[in-house]
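*Asks:* Sending over work-v5.cif (mmCIF, C-alpha atoms).
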data_entry
#
loop_
_atom_site.group_PDB
_atom_site.id
_atom_site.type_symbol
_atom_site.label_atom_id
_atom_site.label_comp_id
_atom_site.auth_asym_id
_atom_site.auth_seq_id
_atom_site.Cartn_x
_atom_site.Cartn_y
_atom_site.Cartn_z
ATOM 1 C CA MET F 42 10.458 4.555 -23.141
ATOM 2 C CA ILE F 43 7.602 4.125 -20.684
ATOM 3 C CA THR F 44 6.407 6.966 -18.469
ATOM 4 C CA LEU F 45 5.049 6.000 -15.077
ATOM 5 C CA ARG F 46 3.140 8.230 -12.665
ATOM 6 C CA VAL F 47 4.279 7.325 -9.168
ATOM 7 C CA ASN F 48 3.265 9.189 -6.011
ATOM 8 C CA GLY F 49 2.233 12.216 -8.049
ATOM 9 C CA SER F 50 5.449 12.461 -10.090
ATOM 10 C CA THR F 51 6.348 11.146 -13.520
ATOM 11 C CA PHE F 52 9.251 8.796 -14.132
ATOM 12 C CA ASP F 53 10.625 7.694 -17.503
ATOM 13 C CA THR F 54 12.160 4.253 -17.799
ATOM 14 C CA ASP F 55 13.884 2.413 -20.616
ATOM 15 C CA SER F 56 13.223 -0.950 -18.959
ATOM 16 C CA ASP F 57 11.711 -3.758 -20.980
ATOM 17 C CA PRO F 58 7.891 -3.282 -21.020
ATOM 18 C CA GLU F 59 7.503 -6.737 -19.444
ATOM 19 C CA THR F 60 9.630 -5.771 -16.420
ATOM 20 C CA PRO F 61 7.632 -6.130 -13.201
ATOM 21 C CA LEU F 62 6.897 -2.785 -11.575
ATOM 22 C CA LEU F 63 8.595 -3.907 -8.354
ATOM 23 C CA TYR F 64 12.015 -3.919 -10.035
ATOM 24 C CA VAL F 65 11.579 -0.425 -11.450
ATOM 25 C CA LEU F 66 10.361 0.919 -8.110
ATOM 26 C CA ARG F 67 13.229 -0.582 -6.126
ATOM 27 C CA ASN F 68 16.137 -0.571 -8.582
ATOM 28 C CA GLU F 69 15.532 2.569 -10.625
ATOM 29 C CA MET F 70 13.404 4.823 -8.447
ATOM 30 C CA GLU F 71 14.911 3.711 -5.107
ATOM 31 C CA LEU F 72 11.446 3.333 -3.583
ATOM 32 C CA ASN F 73 12.032 0.384 -1.292
ATOM 33 C CA GLY F 74 8.734 0.225 0.605
ATOM 34 C CA ALA F 75 7.351 -2.582 -1.567
ATOM 35 C CA LYS F 76 9.245 -5.786 -0.804
ATOM 36 C CA PHE F 77 10.185 -8.826 -2.860
ATOM 37 C CA GLY F 78 8.672 -11.740 -0.987
ATOM 38 C CA CYS F 79 7.668 -14.654 -3.155
ATOM 39 C CA GLY F 80 7.681 -13.262 -6.691
ATOM 40 C CA LEU F 81 4.446 -15.149 -7.311
ATOM 41 C CA GLY F 82 1.788 -12.767 -5.974
ATOM 42 C CA GLN F 83 1.110 -15.053 -3.022
ATOM 43 C CA CYS F 84 2.454 -13.089 -0.056
ATOM 44 C CA GLY F 85 1.430 -9.477 -0.727
ATOM 45 C CA SER F 86 4.644 -7.827 0.479
ATOM 46 C CA CYS F 87 5.030 -6.164 -2.950
ATOM 47 C CA THR F 88 1.556 -4.571 -2.925
ATOM 48 C CA VAL F 89 1.186 -1.039 -4.278
ATOM 49 C CA LEU F 90 -1.878 0.809 -5.541
ATOM 50 C CA ALA F 91 -2.743 1.473 -9.175
ATOM 51 C CA ASP F 92 -5.606 3.953 -9.375
ATOM 52 C CA ASN F 93 -6.241 3.270 -5.662
ATOM 53 C CA ARG F 94 -6.593 -0.495 -6.181
ATOM 54 C CA PRO F 95 -4.073 -2.974 -4.766
ATOM 55 C CA ILE F 96 -1.849 -4.806 -7.247
ATOM 56 C CA PHE F 97 1.064 -7.196 -6.877
ATOM 57 C CA SER F 98 3.989 -5.181 -8.214
ATOM 58 C CA CYS F 99 6.091 -8.358 -8.533
ATOM 59 C CA LEU F 100 3.712 -9.617 -11.227
ATOM 60 C CA THR F 101 2.491 -6.464 -12.971
ATOM 61 C CA PRO F 102 4.501 -5.455 -16.048
ATOM 62 C CA ILE F 103 5.201 -1.746 -16.384
ATOM 63 C CA ALA F 104 3.606 -1.749 -19.848
ATOM 64 C CA MET F 105 0.199 -2.130 -18.164
ATOM 65 C CA LEU F 106 0.686 0.923 -15.972
ATOM 66 C CA SER F 107 1.592 3.821 -18.241
ATOM 67 C CA GLU F 108 -1.838 5.480 -17.924
ATOM 68 C CA ARG F 109 -2.409 4.733 -14.253
ATOM 69 C CA GLU F 110 -1.530 6.526 -11.013
ATOM 70 C CA ILE F 111 0.710 4.355 -8.862
ATOM 71 C CA THR F 112 0.933 4.903 -5.120
ATOM 72 C CA THR F 113 3.625 3.289 -2.999
ATOM 73 C CA LEU F 114 4.129 3.223 0.750
ATOM 74 C CA GLU F 115 6.344 6.296 0.379
ATOM 75 C CA GLY F 116 3.425 8.162 -1.200
ATOM 76 C CA LEU F 117 1.258 7.772 1.908
ATOM 77 C CA GLY F 118 3.527 9.702 4.268
ATOM 78 C CA SER F 119 7.028 10.005 5.636
ATOM 79 C CA ILE F 120 8.905 9.140 8.800
ATOM 80 C CA ASP F 121 8.334 12.679 10.051
ATOM 81 C CA ASP F 122 4.731 12.896 8.851
ATOM 82 C CA PRO F 123 3.160 9.436 8.533
ATOM 83 C CA GLY F 124 -0.244 9.069 6.927
ATOM 84 C CA PRO F 125 -3.230 7.902 9.012
ATOM 85 C CA VAL F 126 -2.750 4.213 8.244
ATOM 86 C CA GLN F 127 0.998 4.355 8.821
ATOM 87 C CA ARG F 128 0.446 6.211 12.103
ATOM 88 C CA ALA F 129 -2.102 3.638 13.270
ATOM 89 C CA PHE F 130 0.279 0.771 12.504
ATOM 90 C CA ILE F 131 2.986 2.538 14.525
ATOM 91 C CA GLU F 132 0.655 3.268 17.451
ATOM 92 C CA GLU F 133 -0.597 -0.337 17.554
ATOM 93 C CA GLN F 134 2.961 -1.696 17.174
ATOM 94 C CA ALA F 135 1.609 -3.868 14.380
ATOM 95 C CA ALA F 136 5.003 -4.815 12.954
ATOM 96 C CA GLN F 137 7.189 -7.566 14.255
ATOM 97 C CA CYS F 138 9.640 -8.368 11.466
ATOM 98 C CA GLY F 139 7.900 -5.745 9.320
ATOM 99 C CA TYR F 140 8.217 -7.538 6.004
ATOM 100 C CA CYS F 141 4.481 -7.796 5.336
ATOM 101 C CA ILE F 142 3.618 -4.382 6.744
ATOM 102 C CA PRO F 143 4.028 -2.293 3.554
ATOM 103 C CA GLY F 144 1.572 -4.551 1.719
ATOM 104 C CA MET F 145 -0.821 -4.605 4.665
ATOM 105 C CA ILE F 146 -0.728 -0.803 4.886
ATOM 106 C CA MET F 147 -1.380 -0.419 1.160
ATOM 107 C CA ARG F 148 -4.323 -2.835 1.251
ATOM 108 C CA ALA F 149 -5.737 -1.126 4.356
ATOM 109 C CA HIS F 150 -5.371 2.295 2.710
ATOM 110 C CA ALA F 151 -7.184 1.083 -0.421
ATOM 111 C CA LEU F 152 -9.986 -0.354 1.721
ATOM 112 C CA LEU F 153 -10.393 2.866 3.699
ATOM 113 C CA LEU F 154 -10.559 4.935 0.515
ATOM 114 C CA GLN F 155 -13.619 2.875 -0.465
ATOM 115 C CA ASN F 156 -15.104 2.371 2.998
ATOM 116 C CA SER F 157 -13.941 4.622 5.821
ATOM 117 C CA ALA F 158 -15.798 2.557 8.447
ATOM 118 C CA PRO F 159 -15.253 -1.105 7.545
ATOM 119 C CA ASP F 160 -16.354 -3.889 9.839
ATOM 120 C CA GLU F 161 -14.057 -6.720 10.922
ATOM 121 C CA ALA F 162 -15.148 -8.975 8.052
ATOM 122 C CA ALA F 163 -14.378 -6.298 5.433
ATOM 123 C CA ILE F 164 -10.943 -5.683 6.944
ATOM 124 C CA ARG F 165 -10.119 -9.385 6.995
ATOM 125 C CA GLU F 166 -11.267 -9.772 3.391
ATOM 126 C CA ALA F 167 -9.194 -6.796 2.223
ATOM 127 C CA LEU F 168 -6.059 -8.057 3.979
ATOM 128 C CA GLU F 169 -6.511 -11.725 3.040
ATOM 129 C CA PRO F 170 -4.059 -11.645 0.085
ATOM 130 C CA SER F 171 -1.265 -10.476 2.431
ATOM 131 C CA LEU F 172 0.590 -13.076 4.450
ATOM 132 C CA CYS F 173 2.063 -12.306 7.885
ATOM 133 C CA ARG F 174 4.398 -15.028 9.037
ATOM 134 C CA CYS F 175 5.032 -13.494 12.475
ATOM 135 C CA GLY F 176 1.482 -13.693 13.745
ATOM 136 C CA THR F 177 0.763 -10.019 14.451
ATOM 137 C CA HIS F 178 -2.668 -10.349 12.854
ATOM 138 C CA LEU F 179 -4.601 -9.044 15.849
ATOM 139 C CA ARG F 180 -2.409 -5.930 16.098
ATOM 140 C CA ILE F 181 -2.777 -5.394 12.348
ATOM 141 C CA LEU F 182 -6.570 -5.608 12.648
ATOM 142 C CA ARG F 183 -6.510 -3.129 15.555
ATOM 143 C CA ALA F 184 -4.338 -0.797 13.483
ATOM 144 C CA VAL F 185 -6.824 -0.808 10.600
ATOM 145 C CA HIS F 186 -9.699 -0.087 13.004
ATOM 146 C CA ARG F 187 -7.660 2.789 14.479
ATOM 147 C CA ALA F 188 -6.838 4.079 10.989
ATOM 148 C CA SER F 189 -10.521 4.011 10.048
ATOM 149 C CA ASP F 190 -11.197 6.378 12.952
ATOM 150 C CA GLY F 191 -8.548 8.719 11.479
ATOM 151 C CA PHE F 192 -10.071 8.469 8.008
ATOM 152 C CA GLN F 193 -13.526 9.272 9.399
ATOM 153 C CA GLU F 194 -12.124 12.327 11.221
ATOM 154 C CA GLN F 195 -10.394 13.512 8.011
ATOM 155 C CA THR F 196 -13.604 13.032 6.020
ATOM 156 C CA SER F 197 -15.611 14.987 8.598
ATOM 157 C CA ALA F 198 -13.041 17.804 8.728
ATOM 158 C CA ALA F 199 -12.869 18.003 4.925
ATOM 159 C CA GLY F 200 -16.665 18.189 4.728
ATOM 160 C CA GLU F 201 -16.791 20.982 7.307
ATOM 161 C CA SER F 202 -14.091 23.021 5.547
ATOM 162 C CA THR F 203 -15.985 22.974 2.234
ATOM 163 C CA GLN F 204 -19.208 24.286 3.750
#
Show me this structure written as structure tokens.

*Replies:*
Amino acid sequence: MITLRVNGSTFDTDSDPETPLLYVLRNEMELNGAKFGCGLGQCGSCTVLADNRPIFSCLTPIAMLSEREITTLEGLGSIDDPGPVQRAFIEEQAAQCGYCIPGMIMRAHALLLQNSAPDEAAIREALEPSLCRCGTHLRILRAVHRASDGFQEQTSAAGESTQ
């Protein structure tokens, strides 16, 4: 039995310890935000966060994650209350087919946790492991810039409320 911490909740699984996290998320937990793209860690559609760092869930065995906090797309917000990055992607209409978007959002969220005001080069570097086949790259970049404005506003508001 392996216990995973996903989106703030614990989940026990009897899956083989070598099972990739993606299969547990999708098949057992019914968290379908992370997608199966290539199965090789080359497209990024399966990206989730482990301790706020992006990982390829198609490659990462669950045995490596028992002591780590996993965050999926579903942990960032909901349809009714999207998180800042999700909202920015919606407002910029950054999705075309949408297959890469969960991974892009997770990578953007991880970047903004470390740097709430990244420049274009930092955004491109953070998103580089994620492949968009539809060519919405410019809208995705605009969405991350928009999301960084939201992160900066949240940081300022949080700082003011603690004073």

*Asks:* Quick one: of F:Asp92, F:Asp122, F:Glu115, F:Asp160, who's nearest to Arg67 in chain F, counting all atoms listed in the file?

*Replies:*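 Among the listed residues, F:Glu115 lies closest to Arg67 in chain F.
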
*Asks:* Apply the PyMOL selection byres ((chain F and resi 91) around 6) to the file shown and report the selected residues as number ranges by chain.

*Replies:* F: 90, 92-94, 110-111

*Asks:* Any chance you could work out the residue set of the PyMOL selection byres ((chain F and resi 82-84) around 6) here, as a ChimeraX atom specification?

*Replies:* /F:80-81,85-86,97,171-172

*Asks:* Compile the contact shell of Phe130 in chain F as a list in words: residues with an atom at most 6 Å away, counting all atoms listed in the file, same-chain residues fewer than 4 positions apart removed.

*Replies:*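 What passes the distance filter is Gln134, Ala135 and Ala184 of chain F.
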
*Asks:* Show which residues sit within 8 Å of Val65 in chain F, as a VMD selection string. Count all atoms listed in the file, and ignore same-chain residues fewer than 5 positions away.

*Replies:* chain F and resid 54 56 60 70

*Asks:* Where does the PyMOL selection byres ((chain F and resi 133) around 10) land in this file, that is, which residues does it pick, as a PyMOL selection string?

*Replies:* chain F and resi 128-132+134-136+179-185+187

*Asks:* Hey, could you patch up range 79-90 of chain F with all heavy atoms and hand it over as a tab-separated table (two decimals), keeping the file's coordinate frame?

*Replies:*
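Everything below was put into part15.tsv:
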chain	number	residue	atom	x	y	z
F	79	CYS	N	7.74	-13.35	-2.49
F	79	CYS	CA	7.67	-14.65	-3.16
F	79	CYS	C	7.87	-14.56	-4.66
F	79	CYS	O	8.23	-15.53	-5.30
F	79	CYS	CB	6.33	-15.30	-2.86
F	79	CYS	SG	4.92	-14.39	-3.56
F	80	GLY	N	7.59	-13.41	-5.25
F	80	GLY	CA	7.68	-13.26	-6.69
F	80	GLY	C	6.55	-13.94	-7.44
F	80	GLY	O	6.56	-14.00	-8.67
F	81	LEU	N	5.56	-14.41	-6.71
F	81	LEU	CA	4.45	-15.15	-7.31
F	81	LEU	C	3.08	-14.52	-7.02
F	81	LEU	O	2.06	-15.08	-7.38
F	81	LEU	CB	4.44	-16.59	-6.79
F	81	LEU	CG	5.70	-17.41	-7.07
F	81	LEU	CD1	5.65	-18.73	-6.29
F	81	LEU	CD2	5.85	-17.66	-8.55
F	82	GLY	N	3.06	-13.39	-6.33
F	82	GLY	CA	1.79	-12.77	-5.97
F	82	GLY	C	1.04	-13.54	-4.91
F	82	GLY	O	-0.18	-13.47	-4.84
F	83	GLN	N	1.76	-14.25	-4.05
F	83	GLN	CA	1.11	-15.05	-3.02
F	83	GLN	C	1.29	-14.52	-1.61
F	83	GLN	O	0.61	-14.96	-0.70
F	83	GLN	CB	1.63	-16.49	-3.08
F	83	GLN	CG	1.27	-17.18	-4.36
F	83	GLN	CD	1.84	-18.58	-4.46
F	83	GLN	OE1	2.66	-19.00	-3.66
F	83	GLN	NE2	1.38	-19.32	-5.46
F	84	CYS	N	2.21	-13.56	-1.42
F	84	CYS	CA	2.45	-13.09	-0.06
F	84	CYS	C	1.99	-11.66	0.18
F	84	CYS	O	1.73	-11.28	1.32
F	84	CYS	CB	3.93	-13.23	0.31
F	84	CYS	SG	5.04	-12.04	-0.48
F	85	GLY	N	1.93	-10.84	-0.86
F	85	GLY	CA	1.43	-9.48	-0.73
F	85	GLY	C	2.44	-8.44	-0.28
F	85	GLY	O	2.10	-7.26	-0.19
F	86	SER	N	3.67	-8.82	-0.01
F	86	SER	CA	4.64	-7.83	0.48
F	86	SER	C	5.02	-6.80	-0.59
F	86	SER	O	5.56	-5.75	-0.27
F	86	SER	CB	5.89	-8.51	1.03
F	86	SER	OG	6.56	-9.23	0.03
F	87	CYS	N	4.71	-7.08	-1.84
F	87	CYS	CA	5.03	-6.16	-2.95
F	87	CYS	C	3.86	-5.26	-3.32
F	87	CYS	O	3.95	-4.50	-4.28
F	87	CYS	CB	5.42	-6.98	-4.19
F	87	CYS	SG	4.03	-7.89	-4.89
F	88	THR	N	2.78	-5.29	-2.56
F	88	THR	CA	1.56	-4.57	-2.92
F	88	THR	C	1.76	-3.06	-2.99
F	88	THR	O	2.33	-2.45	-2.09
F	88	THR	CB	0.43	-4.89	-1.93
F	88	THR	OG1	0.20	-6.30	-1.94
F	88	THR	CG2	-0.86	-4.17	-2.29
F	89	VAL	N	1.29	-2.49	-4.09
F	89	VAL	CA	1.19	-1.04	-4.28
F	89	VAL	C	-0.21	-0.78	-4.82
F	89	VAL	O	-0.96	-1.73	-5.11
F	89	VAL	CB	2.27	-0.49	-5.24
F	89	VAL	CG1	3.66	-0.76	-4.70
F	89	VAL	CG2	2.11	-1.05	-6.64
F	90	LEU	N	-0.56	0.48	-4.99
F	90	LEU	CA	-1.88	0.81	-5.54
F	90	LEU	C	-1.73	1.34	-6.96
F	90	LEU	O	-0.82	2.11	-7.24
F	90	LEU	CB	-2.58	1.86	-4.69
F	90	LEU	CG	-2.77	1.54	-3.20
F	90	LEU	CD1	-3.55	2.65	-2.52
F	90	LEU	CD2	-3.42	0.20	-2.99
